[in-house]
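Data block for input.pdb (PDB, C-alpha atoms and all ligand atoms):
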ATOM      1  CA  MET A   1       6.241 -30.985  -4.701
ATOM      2  CA  ILE A   2       5.572 -34.254  -2.904
ATOM      3  CA  SER A   3       2.224 -35.862  -2.163
ATOM      4  CA  GLY A   4       1.051 -38.001   0.750
ATOM      5  CA  LYS A   5       2.065 -41.038  -1.329
ATOM      6  CA  ALA A   6       5.672 -39.899  -1.823
ATOM      7  CA  ARG A   7       8.370 -42.566  -1.570
ATOM      8  CA  LEU A   8      10.932 -41.799   1.117
ATOM      9  CA  ALA A   9      14.696 -42.263   1.219
ATOM     10  CA  GLY A  10      17.619 -40.488   2.847
ATOM     11  CA  VAL A  11      21.187 -40.718   4.102
ATOM     12  CA  MET A  12      22.146 -41.587   7.677
ATOM     13  CA  GLY A  13      25.485 -40.300   8.929
ATOM     14  CA  TRP A  14      27.250 -38.268  11.633
ATOM     15  CA  PRO A  15      27.992 -35.525  10.787
ATOM     16  CA  ILE A  16      25.763 -35.283   7.730
ATOM     17  CA  GLN A  17      25.713 -31.611   6.751
ATOM     18  CA  HIS A  18      28.531 -31.973   4.182
ATOM     19  CA  SER A  19      26.876 -34.891   2.391
ATOM     20  CA  GLN A  20      26.240 -34.281  -1.306
ATOM     21  CA  SER A  21      23.719 -37.132  -1.486
ATOM     22  CA  PRO A  22      20.538 -35.082  -0.805
ATOM     23  CA  ARG A  23      21.510 -32.656  -3.570
ATOM     24  CA  LEU A  24      22.335 -35.546  -5.906
ATOM     25  CA  HIS A  25      19.146 -37.562  -5.350
ATOM     26  CA  GLY A  26      17.101 -34.354  -5.235
ATOM     27  CA  TYR A  27      18.388 -33.501  -8.718
ATOM     28  CA  TRP A  28      17.269 -36.887 -10.076
ATOM     29  CA  LEU A  29      13.869 -36.764  -8.329
ATOM     30  CA  ASP A  30      13.288 -33.426 -10.009
ATOM     31  CA  ARG A  31      14.675 -34.510 -13.379
ATOM     32  CA  TYR A  32      12.516 -37.657 -13.533
ATOM     33  CA  GLU A  33       9.472 -35.918 -11.950
ATOM     34  CA  ILE A  34       9.192 -38.534  -9.212
ATOM     35  CA  ASP A  35       6.862 -38.200  -6.245
ATOM     36  CA  GLY A  36       9.563 -38.824  -3.651
ATOM     37  CA  ALA A  37      11.917 -37.249  -1.118
ATOM     38  CA  TYR A  38      15.527 -37.887  -0.094
ATOM     39  CA  VAL A  39      16.536 -36.295   3.203
ATOM     40  CA  PRO A  40      19.678 -35.938   5.360
ATOM     41  CA  LEU A  41      19.327 -37.970   8.572
ATOM     42  CA  SER A  42      21.768 -36.790  11.212
ATOM     43  CA  VAL A  43      22.066 -39.790  13.522
ATOM     44  CA  HIS A  44      24.510 -39.907  16.431
ATOM     45  CA  PRO A  45      26.320 -43.283  16.737
ATOM     46  CA  GLU A  46      24.611 -43.913  20.090
ATOM     47  CA  ASN A  47      21.202 -43.765  18.412
ATOM     48  CA  PHE A  48      22.052 -45.509  15.175
ATOM     49  CA  GLU A  49      20.589 -48.915  15.943
ATOM     50  CA  THR A  50      17.267 -47.470  17.154
ATOM     51  CA  ALA A  51      16.960 -45.081  14.209
ATOM     52  CA  PHE A  52      17.993 -47.735  11.695
ATOM     53  CA  ARG A  53      15.541 -50.350  12.963
ATOM     54  CA  ALA A  54      12.742 -47.757  12.864
ATOM     55  CA  LEU A  55      13.039 -47.203   9.094
ATOM     56  CA  PRO A  56      10.471 -49.878   8.069
ATOM     57  CA  THR A  57       7.974 -48.536  10.643
ATOM     58  CA  LEU A  58       8.455 -45.023   9.287
ATOM     59  CA  GLY A  59       7.669 -46.245   5.785
ATOM     60  CA  PHE A  60      11.058 -45.598   4.196
ATOM     61  CA  ALA A  61      11.822 -47.287   0.860
ATOM     62  CA  GLY A  62      15.475 -47.334   1.941
ATOM     63  CA  VAL A  63      18.507 -45.249   2.832
ATOM     64  CA  ASN A  64      22.154 -44.647   2.146
ATOM     65  CA  ILE A  65      24.514 -45.159   5.045
ATOM     66  CA  THR A  66      27.654 -43.096   5.418
ATOM     67  CA  VAL A  67      30.484 -42.498   7.892
ATOM     68  CA  PRO A  68      30.646 -43.741  10.650
ATOM     69  CA  HIS A  69      27.754 -46.214  10.391
ATOM     70  CA  LYS A  70      28.628 -48.418   7.397
ATOM     71  CA  GLU A  71      30.146 -51.326   9.357
ATOM     72  CA  LEU A  72      27.446 -51.372  12.048
ATOM     73  CA  ALA A  73      24.756 -51.311   9.352
ATOM     74  CA  LEU A  74      26.235 -54.549   7.968
ATOM     75  CA  LYS A  75      25.775 -56.180  11.391
ATOM     76  CA  LEU A  76      22.199 -54.939  11.777
ATOM     77  CA  VAL A  77      20.657 -55.773   8.406
ATOM     78  CA  GLU A  78      18.462 -58.866   8.217
ATOM     79  CA  ARG A  79      19.658 -59.720   4.692
ATOM     80  CA  VAL A  80      22.897 -58.862   2.948
ATOM     81  CA  ASP A  81      24.138 -58.844  -0.600
ATOM     82  CA  PRO A  82      27.383 -60.897  -1.103
ATOM     83  CA  THR A  83      29.352 -57.848  -2.322
ATOM     84  CA  ALA A  84      28.506 -55.891   0.833
ATOM     85  CA  GLN A  85      29.536 -58.912   2.890
ATOM     86  CA  ARG A  86      32.901 -59.066   1.101
ATOM     87  CA  ILE A  87      33.511 -55.310   1.441
ATOM     88  CA  GLY A  88      32.514 -55.523   5.099
ATOM     89  CA  ALA A  89      30.257 -52.470   4.972
ATOM     90  CA  VAL A  90      26.791 -51.427   3.817
ATOM     91  CA  ASN A  91      26.196 -48.100   2.050
ATOM     92  CA  THR A  92      22.743 -48.766   0.568
ATOM     93  CA  VAL A  93      19.722 -50.287   2.298
ATOM     94  CA  VAL A  94      16.414 -51.349   0.814
ATOM     95  CA  ILE A  95      13.352 -52.136   2.910
ATOM     96  CA  THR A  96      11.883 -55.272   1.381
ATOM     97  CA  ASP A  97       8.159 -55.989   0.933
ATOM     98  CA  ASP A  98       8.184 -58.022   4.153
ATOM     99  CA  GLY A  99       9.770 -55.151   6.087
ATOM    100  CA  ASP A 100      13.326 -56.540   6.247
ATOM    101  CA  LEU A 101      16.409 -54.316   6.009
ATOM    102  CA  MET A 102      18.462 -55.575   3.049
ATOM    103  CA  GLY A 103      22.054 -54.286   2.810
ATOM    104  CA  TYR A 104      24.085 -53.600  -0.339
ATOM    105  CA  ASN A 105      27.384 -51.904  -1.077
ATOM    106  CA  THR A 106      27.527 -49.942  -4.331
ATOM    107  CA  ASP A 107      30.955 -48.306  -3.823
ATOM    108  CA  ALA A 108      32.827 -50.994  -5.780
ATOM    109  CA  ILE A 109      30.559 -50.767  -8.814
ATOM    110  CA  GLY A 110      30.472 -46.959  -8.495
ATOM    111  CA  PHE A 111      34.260 -46.909  -8.646
ATOM    112  CA  ILE A 112      34.407 -49.129 -11.751
ATOM    113  CA  GLU A 113      31.570 -47.299 -13.549
ATOM    114  CA  ASN A 114      33.394 -44.008 -12.981
ATOM    115  CA  LEU A 115      36.542 -45.400 -14.656
ATOM    116  CA  ARG A 116      34.436 -46.788 -17.517
ATOM    117  CA  GLN A 117      32.663 -43.482 -18.108
ATOM    118  CA  GLY A 118      35.758 -41.301 -17.606
ATOM    119  CA  TYR A 119      38.030 -43.394 -19.846
ATOM    120  CA  PRO A 120      35.875 -45.691 -22.002
ATOM    121  CA  THR A 121      38.753 -47.550 -23.671
ATOM    122  CA  PHE A 122      40.252 -48.595 -20.334
ATOM    123  CA  LYS A 123      40.312 -52.338 -19.680
ATOM    124  CA  PRO A 124      40.999 -53.018 -15.991
ATOM    125  CA  ASP A 125      41.870 -56.677 -16.536
ATOM    126  CA  VAL A 126      44.853 -56.312 -18.909
ATOM    127  CA  GLY A 127      47.576 -55.226 -16.462
ATOM    128  CA  PRO A 128      48.666 -54.703 -12.878
ATOM    129  CA  ALA A 129      46.809 -52.174 -10.716
ATOM    130  CA  VAL A 130      48.351 -50.169  -7.861
ATOM    131  CA  VAL A 131      46.121 -49.103  -4.971
ATOM    132  CA  LEU A 132      47.350 -46.562  -2.411
ATOM    133  CA  GLY A 133      45.696 -47.004   0.993
ATOM    134  CA  ALA A 134      44.204 -49.886   2.962
ATOM    135  CA  GLY A 135      41.180 -48.370   4.724
ATOM    136  CA  GLY A 136      37.465 -48.814   4.102
ATOM    137  CA  ALA A 137      37.563 -47.034   0.742
ATOM    138  CA  ALA A 138      40.455 -49.239  -0.421
ATOM    139  CA  ARG A 139      38.429 -52.347   0.420
ATOM    140  CA  ALA A 140      35.607 -51.284  -1.879
ATOM    141  CA  VAL A 141      37.999 -50.209  -4.665
ATOM    142  CA  ILE A 142      39.925 -53.496  -4.482
ATOM    143  CA  CYS A 143      36.700 -55.541  -4.592
ATOM    144  CA  GLY A 144      35.648 -53.528  -7.652
ATOM    145  CA  LEU A 145      38.976 -54.163  -9.370
ATOM    146  CA  LEU A 146      38.998 -57.892  -8.608
ATOM    147  CA  ASP A 147      35.394 -58.177  -9.836
ATOM    148  CA  ALA A 148      36.471 -56.386 -13.027
ATOM    149  CA  GLY A 149      39.132 -59.070 -13.601
ATOM    150  CA  VAL A 150      42.334 -57.568 -12.137
ATOM    151  CA  VAL A 151      44.616 -60.461 -11.166
ATOM    152  CA  ASP A 152      47.798 -58.596 -10.181
ATOM    153  CA  LEU A 153      47.120 -55.965  -7.540
ATOM    154  CA  LYS A 154      49.816 -54.018  -5.677
ATOM    155  CA  LEU A 155      48.774 -52.497  -2.399
ATOM    156  CA  VAL A 156      50.812 -49.603  -0.962
ATOM    157  CA  ASN A 157      50.076 -48.382   2.563
ATOM    158  CA  ARG A 158      51.735 -46.520   5.432
ATOM    159  CA  THR A 159      50.791 -49.214   7.944
ATOM    160  CA  ARG A 160      52.030 -52.438   6.415
ATOM    161  CA  GLU A 161      50.146 -54.708   8.783
ATOM    162  CA  ARG A 162      46.807 -53.158   7.845
ATOM    163  CA  ALA A 163      47.562 -53.739   4.160
ATOM    164  CA  GLU A 164      48.586 -57.334   4.836
ATOM    165  CA  THR A 165      45.359 -58.043   6.710
ATOM    166  CA  LEU A 166      43.349 -56.523   3.876
ATOM    167  CA  ALA A 167      45.317 -58.450   1.245
ATOM    168  CA  GLU A 168      44.808 -61.730   3.090
ATOM    169  CA  SER A 169      41.073 -61.226   3.374
ATOM    170  CA  LEU A 170      40.512 -60.275  -0.290
ATOM    171  CA  ALA A 171      43.169 -62.109  -2.327
ATOM    172  CA  GLY A 172      42.283 -65.284  -4.173
ATOM    173  CA  PHE A 173      39.013 -63.927  -5.520
ATOM    174  CA  GLN A 174      38.528 -65.242  -9.028
ATOM    175  CA  ALA A 175      36.479 -63.332 -11.597
ATOM    176  CA  GLY A 176      38.183 -64.891 -14.649
ATOM    177  CA  PRO A 177      40.460 -67.871 -15.372
ATOM    178  CA  LEU A 178      43.104 -66.906 -12.766
ATOM    179  CA  PRO A 179      42.818 -66.165  -9.031
ATOM    180  CA  SER A 180      43.925 -62.681  -8.030
ATOM    181  CA  ALA A 181      47.131 -61.980  -6.108
ATOM    182  CA  ILE A 182      47.653 -58.933  -3.877
ATOM    183  CA  THR A 183      51.240 -57.883  -3.070
ATOM    184  CA  VAL A 184      51.912 -55.412  -0.265
ATOM    185  CA  PHE A 185      54.474 -52.570  -0.526
ATOM    186  CA  ASP A 186      55.665 -49.782   1.769
ATOM    187  CA  PHE A 187      55.649 -46.222   0.440
ATOM    188  CA  SER A 188      59.470 -46.454   0.331
ATOM    189  CA  GLU A 189      59.085 -49.255  -2.257
ATOM    190  CA  ILE A 190      56.591 -47.399  -4.420
ATOM    191  CA  ASP A 191      58.837 -47.380  -7.521
ATOM    192  CA  GLU A 192      58.764 -51.162  -7.539
ATOM    193  CA  ALA A 193      54.962 -51.146  -7.289
ATOM    194  CA  LEU A 194      54.496 -48.508 -10.032
ATOM    195  CA  ASP A 195      56.866 -50.191 -12.480
ATOM    196  CA  GLY A 196      54.743 -51.742 -15.259
ATOM    197  CA  ALA A 197      51.418 -50.662 -13.714
ATOM    198  CA  HIS A 198      48.366 -50.176 -15.870
ATOM    199  CA  LEU A 199      46.325 -48.261 -13.282
ATOM    200  CA  LEU A 200      47.098 -46.185 -10.182
ATOM    201  CA  VAL A 201      44.355 -45.318  -7.684
ATOM    202  CA  ASN A 202      44.665 -43.173  -4.564
ATOM    203  CA  THR A 203      42.190 -44.260  -1.877
ATOM    204  CA  THR A 204      43.947 -42.508   1.029
ATOM    205  CA  SER A 205      42.682 -39.214   2.393
ATOM    206  CA  LEU A 206      45.986 -37.572   1.459
ATOM    207  CA  GLY A 207      45.527 -34.625  -0.911
ATOM    208  CA  MET A 208      41.993 -33.948   0.331
ATOM    209  CA  ASP A 209      41.181 -30.370   1.422
ATOM    210  CA  GLY A 210      42.477 -29.984   4.975
ATOM    211  CA  LYS A 211      44.649 -33.138   4.876
ATOM    212  CA  PRO A 212      48.407 -33.481   4.240
ATOM    213  CA  PRO A 213      49.500 -33.714   0.580
ATOM    214  CA  LEU A 214      50.090 -37.037  -1.150
ATOM    215  CA  ASP A 215      53.766 -36.735  -1.875
ATOM    216  CA  ILE A 216      54.816 -39.488  -4.275
ATOM    217  CA  CYS A 217      57.136 -39.643  -7.259
ATOM    218  CA  LEU A 218      55.514 -40.982 -10.432
ATOM    219  CA  ASP A 219      58.783 -41.509 -12.377
ATOM    220  CA  ALA A 220      58.430 -45.295 -12.417
ATOM    221  CA  LEU A 221      54.816 -45.256 -13.661
ATOM    222  CA  PRO A 222      54.336 -46.039 -17.380
ATOM    223  CA  LYS A 223      52.950 -43.000 -19.258
ATOM    224  CA  ALA A 224      50.018 -45.027 -20.564
ATOM    225  CA  ALA A 225      48.798 -45.939 -17.060
ATOM    226  CA  LEU A 226      45.438 -44.512 -16.039
ATOM    227  CA  VAL A 227      45.537 -42.468 -12.823
ATOM    228  CA  ASN A 228      42.464 -42.042 -10.608
ATOM    229  CA  ASP A 229      42.048 -40.289  -7.290
ATOM    230  CA  ILE A 230      38.927 -41.063  -5.295
ATOM    231  CA  VAL A 231      39.414 -37.730  -3.490
ATOM    232  CA  TYR A 232      37.071 -35.192  -5.154
ATOM    233  CA  ALA A 233      37.572 -32.137  -2.939
ATOM    234  CA  PRO A 234      39.572 -30.664  -4.576
ATOM    235  CA  LEU A 235      38.472 -32.160  -7.886
ATOM    236  CA  GLN A 236      41.905 -31.697  -9.472
ATOM    237  CA  THR A 237      44.205 -33.154  -6.840
ATOM    238  CA  ASP A 238      47.981 -32.737  -7.004
ATOM    239  CA  LEU A 239      48.212 -36.420  -7.975
ATOM    240  CA  LEU A 240      45.960 -35.901 -11.015
ATOM    241  CA  LYS A 241      47.809 -32.707 -11.969
ATOM    242  CA  SER A 242      51.248 -34.368 -11.823
ATOM    243  CA  ALA A 243      49.927 -37.380 -13.748
ATOM    244  CA  ARG A 244      48.482 -35.183 -16.504
ATOM    245  CA  GLU A 245      51.647 -33.082 -16.737
ATOM    246  CA  ARG A 246      53.705 -36.190 -17.538
ATOM    247  CA  GLY A 247      51.118 -37.390 -20.072
ATOM    248  CA  ASN A 248      49.102 -40.007 -18.160
ATOM    249  CA  PRO A 249      45.349 -40.207 -18.737
ATOM    250  CA  THR A 250      43.374 -39.345 -15.579
ATOM    251  CA  VAL A 251      39.872 -39.736 -14.160
ATOM    252  CA  ASP A 252      38.753 -37.648 -11.167
ATOM    253  CA  GLY A 253      36.869 -39.001  -8.158
ATOM    254  CA  LEU A 254      33.543 -37.179  -8.385
ATOM    255  CA  GLY A 255      32.023 -39.796 -10.676
ATOM    256  CA  MET A 256      32.442 -42.518  -8.041
ATOM    257  CA  LEU A 257      30.113 -40.569  -5.742
ATOM    258  CA  LEU A 258      27.614 -40.120  -8.577
ATOM    259  CA  HIS A 259      27.755 -43.700  -9.863
ATOM    260  CA  GLN A 260      27.534 -45.360  -6.427
ATOM    261  CA  ALA A 261      24.197 -43.554  -5.974
ATOM    262  CA  CYS A 262      22.526 -44.957  -9.119
ATOM    263  CA  ALA A 263      21.633 -48.440  -7.835
ATOM    264  CA  GLY A 264      19.984 -47.126  -4.661
ATOM    265  CA  PHE A 265      17.951 -44.569  -6.587
ATOM    266  CA  GLU A 266      16.729 -47.276  -8.950
ATOM    267  CA  LYS A 267      15.777 -49.627  -6.100
ATOM    268  CA  TRP A 268      13.854 -46.956  -4.156
ATOM    269  CA  PHE A 269      12.316 -44.869  -6.928
ATOM    270  CA  GLY A 270      12.141 -47.279  -9.886
ATOM    271  CA  VAL A 271      14.249 -45.350 -12.420
ATOM    272  CA  LEU A 272      17.901 -46.035 -13.251
ATOM    273  CA  PRO A 273      19.283 -42.476 -13.385
ATOM    274  CA  ASP A 274      21.916 -41.061 -15.756
ATOM    275  CA  VAL A 275      25.225 -39.560 -14.693
ATOM    276  CA  THR A 276      25.571 -36.511 -16.940
ATOM    277  CA  ASP A 277      27.849 -33.468 -17.189
ATOM    278  CA  GLU A 278      24.928 -31.334 -16.061
ATOM    279  CA  LEU A 279      24.664 -33.401 -12.871
ATOM    280  CA  ARG A 280      28.423 -33.083 -12.269
ATOM    281  CA  HIS A 281      28.155 -29.292 -12.575
ATOM    282  CA  HIS A 282      25.133 -29.241 -10.269
ATOM    283  CA  ILE A 283      27.058 -31.119  -7.556
ATOM    284  CA  LEU A 284      30.221 -29.048  -8.025
ATOM    285  CA  LYS A 285      28.154 -25.865  -7.662
ATOM    286  CA  GLY A 286      26.756 -27.220  -4.366
ATOM    287  CA  MET A 287      30.262 -28.008  -3.115
ATOM    288  CA  ASP A 288      31.369 -24.394  -3.784
ATOM    289  CA  GLY A 289      28.499 -23.025  -1.726
TER     290      GLY A 289
HETATM  291  P1  LIG B   1      38.553 -44.608   4.539
HETATM  292  O1  LIG B   1      37.433 -45.414   5.136
HETATM  293  O2  LIG B   1      38.124 -43.319   3.908
HETATM  294  O3  LIG B   1      39.397 -45.421   3.623
HETATM  295  P2  LIG B   1      40.438 -44.942   6.701
HETATM  296  O4  LIG B   1      39.892 -46.297   6.936
HETATM  297  O5  LIG B   1      40.721 -44.041   7.841
HETATM  298  O6  LIG B   1      39.442 -44.119   5.771
HETATM  299  O7  LIG B   1      41.761 -45.092   5.786
HETATM  300  C1  LIG B   1      42.526 -44.003   5.452
HETATM  301  C2  LIG B   1      43.702 -44.435   4.557
HETATM  302  O8  LIG B   1      44.525 -43.282   4.339
HETATM  303  C3  LIG B   1      44.598 -45.485   5.191
HETATM  304  O9  LIG B   1      45.185 -46.255   4.166
HETATM  305  C4  LIG B   1      45.645 -44.622   5.889
HETATM  306  O10 LIG B   1      46.875 -45.282   6.093
HETATM  307  P3  LIG B   1      47.104 -46.162   7.444
HETATM  308  O11 LIG B   1      46.447 -47.485   7.199
HETATM  309  O12 LIG B   1      48.583 -46.249   7.560
HETATM  310  O13 LIG B   1      46.473 -45.380   8.567
HETATM  311  C5  LIG B   1      45.832 -43.543   4.856
HETATM  312  N1  LIG B   1      46.373 -42.321   5.479
HETATM  313  C6  LIG B   1      45.703 -41.403   6.194
HETATM  314  N2  LIG B   1      46.544 -40.418   6.628
HETATM  315  C7  LIG B   1      47.780 -40.750   6.154
HETATM  316  C8  LIG B   1      49.079 -40.152   6.238
HETATM  317  N3  LIG B   1      49.279 -38.987   6.895
HETATM  318  N4  LIG B   1      50.110 -40.753   5.610
HETATM  319  C9  LIG B   1      49.929 -41.925   4.929
HETATM  320  N5  LIG B   1      48.722 -42.550   4.817
HETATM  321  C10 LIG B   1      47.669 -41.968   5.418
END
With the file now loaded, output its structure as structure tokens.
Amino acid sequence: MISGKARLAGVMGWPIQHSQSPRLHGYWLDRYEIDGAYVPLSVHPENFETAFRALPTLGFAGVNITVPHKELALKLVERVDPTAQRIGAVNTVVITDDGDLMGYNTDAIGFIENLRQGYPTFKPDVGPAVVLGAGGAARAVICGLLDAGVVDLKLVNRTRERAETLAESLAGFQAGPLPSAITVFDFSEIDEALDGAHLLVNTTSLGMDGKPPLDICLDALPKAALVNDIVYAPLQTDLLKSARERGNPTVDGLGMLLHQACAGFEKWFGVLPDVTDELRHHILKGMDG
């Protein structure tokens, strides 16, 4: 039940009907008994700027931004957090007290928090990390890894040029004593990339329901390497299954969705929410229906 004083948030995207965010934030609003609402906002790209700029007038506390608006949102916000600037996209917006749109990106921290929760003894900064894919998701994952202290990152992508552009724009970031290096590989050279790796992350859409399979051989990957797939539909991707069968520890991708949502919820509604097993089951149940 919401009152006339309810705080308002939502998610803007196109299409929006498959978004899990309303169910996720709705669960927390209920759990923490907050007078607030989080709604799906189906906004066609042609209308995005008008709808986005209207948020302060409508009294929103903020919104999440999803496909395909994340890059345009970065251009339109009046203020931007440095991480969102580096990732080149905004997924979380807060309307400030003076009515400005302030842009953040919580995908990088959501990715790292998911690894931390799923495999608490994992230390991202002690060995090389391999990232498959060089799209928008890869950008956020790589920023998260570099922030967490990874200095040797191997980037494998179908389109080499795209990976090289991404590597050039993100390499050199320094979280610890050494600047990070990003080396680009083709899929045909994947054995070389996997050799000695400490972490393998799939950020491509391969293996997702309705997409082609991710067909890679893990023989060269050390058995102690952590394997993560940011694809969460299906939850147990073929990559995670093959990794587990050969003895590698794995973390699935659902937690990244849950953890990226925490910072926005806290900024809009004033409570830092928990990511629990009950929440995971609640979201998985919604995905089945
Ligand atoms: P997102 O924002 O979700 O990362 P994206 O920017 O479209 O989406 O990136 C998709 C990633 O999946 C890219 O790395 C893409 O490789 P290319 O850069 O070569 O396009 C990768 N990908 C998608 N379909 C693929 C396929 N059939 N084979 C190999 N890689 C694929």
Specify as an MDAnalysis selection string each residue included when the PyMOL selection byres (((chain A and resi 273) around 12) and not hetatm) is applied to this file. chainID A and resid 24:34 258:272 274:276 279
8 Å from ligand LIG 1 (chain B) is the threshold here; counting only C-alpha atoms and all ligand atoms, which polymer residues fall inside it? Answer as a list in words.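 These are the residues that qualify: Leu132, Gly133, Ala134, Gly135, Gly136, Ala137, Ala138, Arg139, Asn157, Arg158, Thr159, Arg160, Arg162, Ala163, Thr203, Thr204, Ser205, Leu206, Lys211, Pro212 and Leu214 of chain A.
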Would you save the residues of that selection, restricted to C-alpha atoms, as a short mmCIF file (atom, residue, chain, number, x, y, z; two decimals), in the frame of the given file?
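This went into out_23.cif:
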data_model
loop_
_atom_site.label_atom_id
_atom_site.label_comp_id
_atom_site.auth_asym_id
_atom_site.auth_seq_id
_atom_site.Cartn_x
_atom_site.Cartn_y
_atom_site.Cartn_z
CA LEU A 132 47.35 -46.56 -2.41
CA GLY A 133 45.70 -47.00 0.99
CA ALA A 134 44.20 -49.89 2.96
CA GLY A 135 41.18 -48.37 4.72
CA GLY A 136 37.47 -48.81 4.10
CA ALA A 137 37.56 -47.03 0.74
CA ALA A 138 40.46 -49.24 -0.42
CA ARG A 139 38.43 -52.35 0.42
CA ASN A 157 50.08 -48.38 2.56
CA ARG A 158 51.74 -46.52 5.43
CA THR A 159 50.79 -49.21 7.94
CA ARG A 160 52.03 -52.44 6.42
CA ARG A 162 46.81 -53.16 7.84
CA ALA A 163 47.56 -53.74 4.16
CA THR A 203 42.19 -44.26 -1.88
CA THR A 204 43.95 -42.51 1.03
CA SER A 205 42.68 -39.21 2.39
CA LEU A 206 45.99 -37.57 1.46
CA LYS A 211 44.65 -33.14 4.88
CA PRO A 212 48.41 -33.48 4.24
CA LEU A 214 50.09 -37.04 -1.15
#
What separation in Å, quoted to one decimal, exists between CA of His198 in chain A and CA of Pro82 in chain A?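 Taking CA of His198 in chain A as the start and CA of Pro82 in chain A as the end point, the length is 27.8 Å.
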Show me, as a PDB file with C-alpha atoms, in the frame of the given file, the residues that have an atom within 9 Å of range 45-51 of chain A when counting only C-alpha atoms, minus same-chain residues fewer than 6 positions from it.
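Wrote out-v7.pdb, looks like this:
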ATOM      1  CA  MET A  12      22.146 -41.587   7.677  1.00  0.00           C
ATOM      2  CA  GLY A  13      25.485 -40.300   8.929  1.00  0.00           C
ATOM      3  CA  TRP A  14      27.250 -38.268  11.633  1.00  0.00           C
ATOM      4  CA  PRO A  68      30.646 -43.741  10.650  1.00  0.00           C
ATOM      5  CA  HIS A  69      27.754 -46.214  10.391  1.00  0.00           C
ATOM      6  CA  LEU A  72      27.446 -51.372  12.048  1.00  0.00           C
ATOM      7  CA  ALA A  73      24.756 -51.311   9.352  1.00  0.00           C
ATOM      8  CA  LEU A  76      22.199 -54.939  11.777  1.00  0.00           C
TER       9      LEU A  76
END
Of the candidates A:Leu254, A:Arg7, A:Val67, A:Ala220, which shows the shortest atom-to-atom distance to Leu235 in chain A, using only C-alpha atoms? A:Leu254
Result set, the PyMOL selection byres (((chain A and resi 123-126) around 12) and not hetatm) on current file, as a ChimeraX atom specification: /A:111-113,115-117,119-122,127-130,142,144-153,174-178,180,196-201,225-227
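Distance-wise, CA of Gly207 in chain A and CA of Glu192 in chain A end up 22.2 Å apart.
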Quick one: which residues end up in the PyMOL selection byres (((chain A and resi 10) around 8) and not hetatm) for this structure, as a PyMOL selection string? chain A and resi 8-9+11-12+22+37-41+62-64
Between CA of Leu101 in chain A and CA of Asp35 in chain A, what is the spacing in Å? 22.4 Å
Build an axis-aligned box that encloses every atom of range 8-24 of chain A listed in the file, pad it by 5 Å on each side, and report its centre and edge lengths in Å to one decimal, as lines of an AutoDock Vina configuration file.
center_x = 19.7
center_y = -36.9
center_z = 2.9
size_x = 27.6
size_y = 20.7
size_z = 27.5
Quick one: residues within 12 Å of (59.5, -39.5, -10.5) (file frame), counting only C-alpha atoms, please, as a ChimeraX atom specification. /A:190-191,194-195,215-223,239,242-243,245-246
Selected residue of minimal separation from Leu257 in chain A among A:Val43, A:Leu74, A:Ile182, A:Ile283, counting only C-alpha atoms: A:Ile283
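Nearest to Met287 in chain A of all the residues A:Ser21, A:Ser3, A:Asp81, A:Val93 is A:Ser21, based on all atoms listed in the file.
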Rank A:Gly36, A:Thr92, A:His18, A:Arg53 by their smallest atom-to-atom distance to Met1 in chain A, using all atoms listed in the file, and report the top residue only. A:Gly36
Rank A:Phe52, A:Phe60, A:Phe173, A:Tyr232 by their smallest atom-to-atom distance to Glu78 in chain A, using all atoms listed in the file, and report the top residue only.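 When distances to Glu78 in chain A are compared using all atoms listed in the file, the smallest one comes from A:Phe52.
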